[in-house]
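Coordinates from data.cif are shown below (mmCIF, C-alpha atoms).
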```cif
data_target
loop_
_atom_site.label_atom_id
_atom_site.label_comp_id
_atom_site.auth_asym_id
_atom_site.auth_seq_id
_atom_site.Cartn_x
_atom_site.Cartn_y
_atom_site.Cartn_z
CA MET P 26 0.00 0.00 0.00
CA SER P 27 1.44 3.36 -1.02
CA TRP P 28 1.93 6.01 1.66
CA SER P 29 -0.11 8.43 -0.38
CA ASP P 30 -3.04 6.08 -0.80
CA PRO P 31 -6.29 7.51 0.64
CA ALA P 32 -7.35 4.01 1.73
CA ARG P 33 -4.55 4.16 4.27
CA ARG P 34 -6.66 6.29 6.52
CA PHE P 35 -8.88 3.29 7.12
CA GLU P 36 -6.16 0.73 7.87
CA PRO P 37 -6.58 -1.54 10.90
CA ALA P 38 -5.29 -0.51 14.32
CA GLU P 39 -2.82 -3.43 14.40
CA ASP P 40 -1.12 -2.12 11.24
CA VAL P 41 -0.91 1.40 12.69
CA GLN P 42 0.59 0.04 15.92
CA LEU P 43 3.07 -2.15 14.03
CA ARG P 44 4.15 0.80 11.91
CA ALA P 45 4.64 2.93 15.02
CA GLU P 46 6.80 0.25 16.67
CA LEU P 47 8.86 -0.01 13.53
CA ARG P 48 9.37 3.74 13.47
CA ASP P 49 10.52 3.66 17.10
CA LEU P 50 12.97 0.84 16.41
CA LEU P 51 14.45 2.73 13.47
CA GLY P 52 14.79 5.81 15.62
CA LEU P 53 12.55 7.97 13.52
CA GLY P 54 10.39 8.88 16.44
CA PRO P 55 6.68 9.36 16.51
CA THR P 56 5.17 11.32 13.69
CA VAL P 57 1.94 13.08 13.87
CA ALA P 58 -0.49 12.13 11.22
CA SER P 59 -0.50 15.21 9.20
CA ALA P 60 -2.17 15.99 5.99
CA PRO P 61 -0.46 14.19 3.19
CA ALA P 62 2.05 16.42 1.52
CA ALA P 63 2.56 16.42 -2.20
CA PRO P 64 5.37 14.09 -3.19
CA SER P 65 8.49 15.63 -4.59
CA ALA P 66 9.40 15.09 -8.23
CA GLU P 67 12.30 12.88 -7.24
CA LEU P 68 10.00 10.59 -5.16
CA ALA P 69 7.43 10.46 -7.94
CA THR P 70 10.13 9.44 -10.45
CA LEU P 71 11.42 6.81 -8.06
CA ALA P 72 7.89 5.46 -7.43
CA ASN P 73 7.24 5.24 -11.18
CA ASP P 74 10.52 3.39 -11.74
CA LEU P 75 9.69 0.96 -8.95
CA ARG P 76 6.19 0.41 -10.34
CA ARG P 77 7.56 -0.21 -13.84
CA GLU P 78 10.16 -2.65 -12.53
CA ALA P 79 7.50 -4.52 -10.55
CA LEU P 80 5.26 -4.77 -13.63
CA ARG P 81 8.17 -5.96 -15.75
CA ARG P 82 9.09 -8.65 -13.24
CA ARG P 83 5.48 -9.74 -12.90
CA ARG P 84 5.16 -10.10 -16.68
CA THR P 85 8.46 -11.94 -17.15
CA GLU P 86 7.95 -14.25 -14.20
CA ARG P 87 7.73 -17.80 -15.45
CA LYS P 88 5.00 -19.79 -13.88
CA ARG P 89 5.38 -23.46 -14.62
CA PRO P 90 2.14 -25.32 -14.90
CA SER P 91 1.77 -28.20 -12.49
CA TRP P 92 0.94 -30.65 -15.28
CA GLY P 93 4.34 -29.96 -16.90
CA LEU P 94 6.10 -30.81 -13.68
CA LEU P 95 4.01 -33.95 -13.34
CA ALA P 96 4.79 -34.94 -16.94
CA ALA P 97 8.51 -34.43 -16.33
CA ALA P 98 8.34 -36.64 -13.26
CA ALA P 99 6.35 -39.33 -15.09
CA LEU P 100 8.69 -39.42 -18.11
CA PRO P 101 11.19 -41.94 -16.65
CA LEU P 102 8.32 -44.15 -15.52
CA LEU P 103 6.82 -44.06 -19.01
CA ALA P 104 10.21 -44.90 -20.52
CA VAL P 105 10.54 -47.93 -18.22
CA LEU P 106 7.02 -49.09 -19.04
CA ALA P 107 7.66 -48.69 -22.77
CA GLY P 108 10.89 -50.68 -22.43
CA LEU P 109 9.13 -53.46 -20.54
CA GLY P 110 6.36 -53.52 -23.13
CA THR P 111 8.85 -53.84 -25.96
CA TRP P 112 10.74 -56.59 -24.12
CA GLY P 113 7.49 -58.45 -23.43
CA PHE P 114 6.44 -58.17 -27.07
CA GLN P 115 9.80 -59.60 -28.17
CA GLN P 116 9.49 -62.48 -25.70
CA LYS P 117 5.96 -63.24 -26.94
CA HIS P 118 7.19 -63.19 -30.53
CA ARG P 119 10.04 -65.58 -29.65
CA ALA P 120 7.66 -67.90 -27.81
CA ASP P 121 5.28 -67.92 -30.79
CA ASP P 122 8.15 -68.70 -33.17
CA LEU P 123 9.35 -71.51 -30.91
CA ALA P 124 5.83 -72.96 -30.67
CA LEU P 125 5.48 -72.82 -34.46
CA GLN P 126 8.86 -74.50 -34.92
CA THR P 127 7.91 -77.22 -32.42
CA GLN P 128 4.63 -77.80 -34.23
CA ARG P 129 6.44 -78.11 -37.57
CA GLN P 130 8.91 -80.61 -36.06
CA GLU P 131 6.06 -82.67 -34.65
CA GLN P 132 4.33 -82.68 -38.04
CA GLU P 133 7.57 -83.76 -39.71
CA LEU P 134 8.04 -86.55 -37.15
CA THR P 135 4.44 -87.67 -37.65
CA ARG P 136 4.94 -87.71 -41.42
CA MET P 137 8.19 -89.66 -41.07
CA ALA P 138 6.52 -92.17 -38.71
CA ALA P 139 3.66 -92.66 -41.17
CA THR P 140 6.13 -93.18 -44.03
CA HIS P 141 8.09 -95.68 -41.94
CA ALA P 142 4.91 -97.54 -41.00
CA ILE P 143 3.97 -97.79 -44.69
CA GLU P 144 7.44 -99.14 -45.56
CA VAL P 145 7.31 -101.70 -42.74
CA ALA P 146 3.87 -102.83 -43.92
CA ARG P 147 5.17 -103.24 -47.49
CA GLU P 148 8.15 -105.23 -46.24
CA ARG P 149 5.88 -107.53 -44.21
CA GLN P 150 3.61 -108.01 -47.20
CA ALA P 151 6.62 -108.79 -49.40
CA LYS P 152 7.92 -111.33 -46.84
CA GLU P 153 4.52 -112.97 -46.63
CA GLU P 154 4.37 -113.22 -50.41
CA VAL P 155 7.85 -114.77 -50.52
CA GLN P 156 6.90 -117.27 -47.81
CA GLN P 157 3.72 -118.18 -49.69
CA GLN P 158 5.68 -118.67 -52.88
CA LEU P 159 8.22 -120.82 -51.05
CA GLN P 160 5.46 -122.91 -49.53
CA LEU P 161 3.84 -123.33 -52.95
CA ALA P 162 7.18 -124.27 -54.46
CA SER P 163 7.87 -126.77 -51.69
CA ARG P 164 4.41 -128.37 -52.14
CA GLN P 165 4.87 -128.65 -55.89
CA GLY P 166 8.27 -130.19 -55.51
CA VAL P 167 7.06 -133.12 -53.34
CA GLY P 168 8.01 -135.66 -56.02
CA ARG P 169 11.56 -134.48 -56.14
CA LYS P 170 13.93 -134.79 -53.34
CA THR P 171 13.49 -131.67 -51.32
CA GLU P 172 15.19 -130.39 -48.34
CA PRO P 173 13.22 -130.54 -45.14
CA TYR P 174 13.99 -126.90 -44.42
CA LEU P 175 12.85 -123.79 -46.14
CA VAL P 176 15.56 -122.21 -48.19
CA ILE P 177 15.67 -118.46 -48.24
CA PRO P 178 17.62 -117.07 -51.17
CA VAL P 179 20.54 -114.83 -50.14
CA GLU P 180 22.22 -112.44 -52.45
CA LYS P 181 25.97 -112.79 -52.52
CA PRO P 182 27.74 -109.71 -51.29
CA LEU P 183 29.74 -107.79 -53.83
CA LYS P 184 33.49 -107.99 -53.56
CA PHE P 185 35.06 -104.73 -52.60
CA GLN P 186 37.73 -103.48 -54.87
CA GLY P 187 39.26 -100.20 -53.91
CA GLU P 188 40.87 -97.89 -56.36
CA ASP P 189 43.87 -97.07 -54.24
CA TYR P 190 45.59 -100.45 -53.99
CA GLN P 191 48.59 -101.78 -55.81
CA ARG P 192 49.06 -105.36 -56.99
CA VAL P 193 52.16 -107.02 -55.74
CA LYS P 194 51.85 -110.18 -57.79
CA ALA P 195 50.49 -110.56 -61.20
CA LYS P 196 47.56 -112.91 -61.62
CA PRO P 197 48.54 -116.35 -62.77
CA GLN P 198 47.79 -116.75 -66.41
CA GLN P 199 45.99 -119.82 -67.55
#
```

Conversion result in structure tokens:
Amino acid sequence: MSWSDPARRFEPAEDVQLRAELRDLLGLGPTVASAPAAPSAELATLANDLRREALRRRRTERKRPSWGLLAAAALPLLAVLAGLGTWGFQQKHRADDLALQTQRQEQELTRMAATHAIEVARERQAKEEVQQQLQLASRQGVGRKTEPYLVIPVEKPLKFQGEDYQRVKAKPQQ
């Protein structure tokens, strides 16, 4: 409140008493409330400068909104949550790929087992046919001297001849 403000006349008694105590402490002594005198030109200039400076500071004062402060505090938390989300998505993708790979392997094993079962069945059928033919042949050959045992034909193994050997002796000529 300015000293030249007319509303000062109606200020509370506590303010007047406080001002008087302050004056006594500063050693200014009691002043009689006199009619306000006209301010000097120097005081008016000083008051205008002070008012302008106060207005300038009030305008340039930066007031940060509370939501900006909250957003700045929440930024690391959001970064951590985003990182965890990305990591979780990668883990889910890996798990899905692994499940798909496992499913493909199981299908391949099932296919291979079915193929093997078909081959085994063919081999059994071929053996049964051979046994039937042998039994038929043995029944037809009753008049001839036959061996009391079934004879299963065996293929003779091939002789191995490597390419990297050297003959020591020449073959005898006949």

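Between CA of Leu134 in chain P and CA of Gln116 in chain P the separation is 26.7 Å.
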
Grab all the atoms of range 37-51 of chain P that the file lists, wrap them in a box along x, y and z, add 8 Å per side, and give me centre plus edge lengths in Å (one decimal) as lines of an AutoDock Vina configuration file.
```
center_x = 3.9
center_y = 0.2
center_z = 14.0
size_x = 37.0
size_y = 23.2
size_z = 22.2
```

One decimal, in Å: what's the spacing between CA of Trp92 in chain P and CA of Leu106 in chain P? 19.8 Å

Kindly give the distance, in Å, that separates CA of Val41 in chain P and CA of Leu80 in chain P, rounded to a single decimal.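 Rounded to one decimal, the two atoms are 27.7 Å apart.
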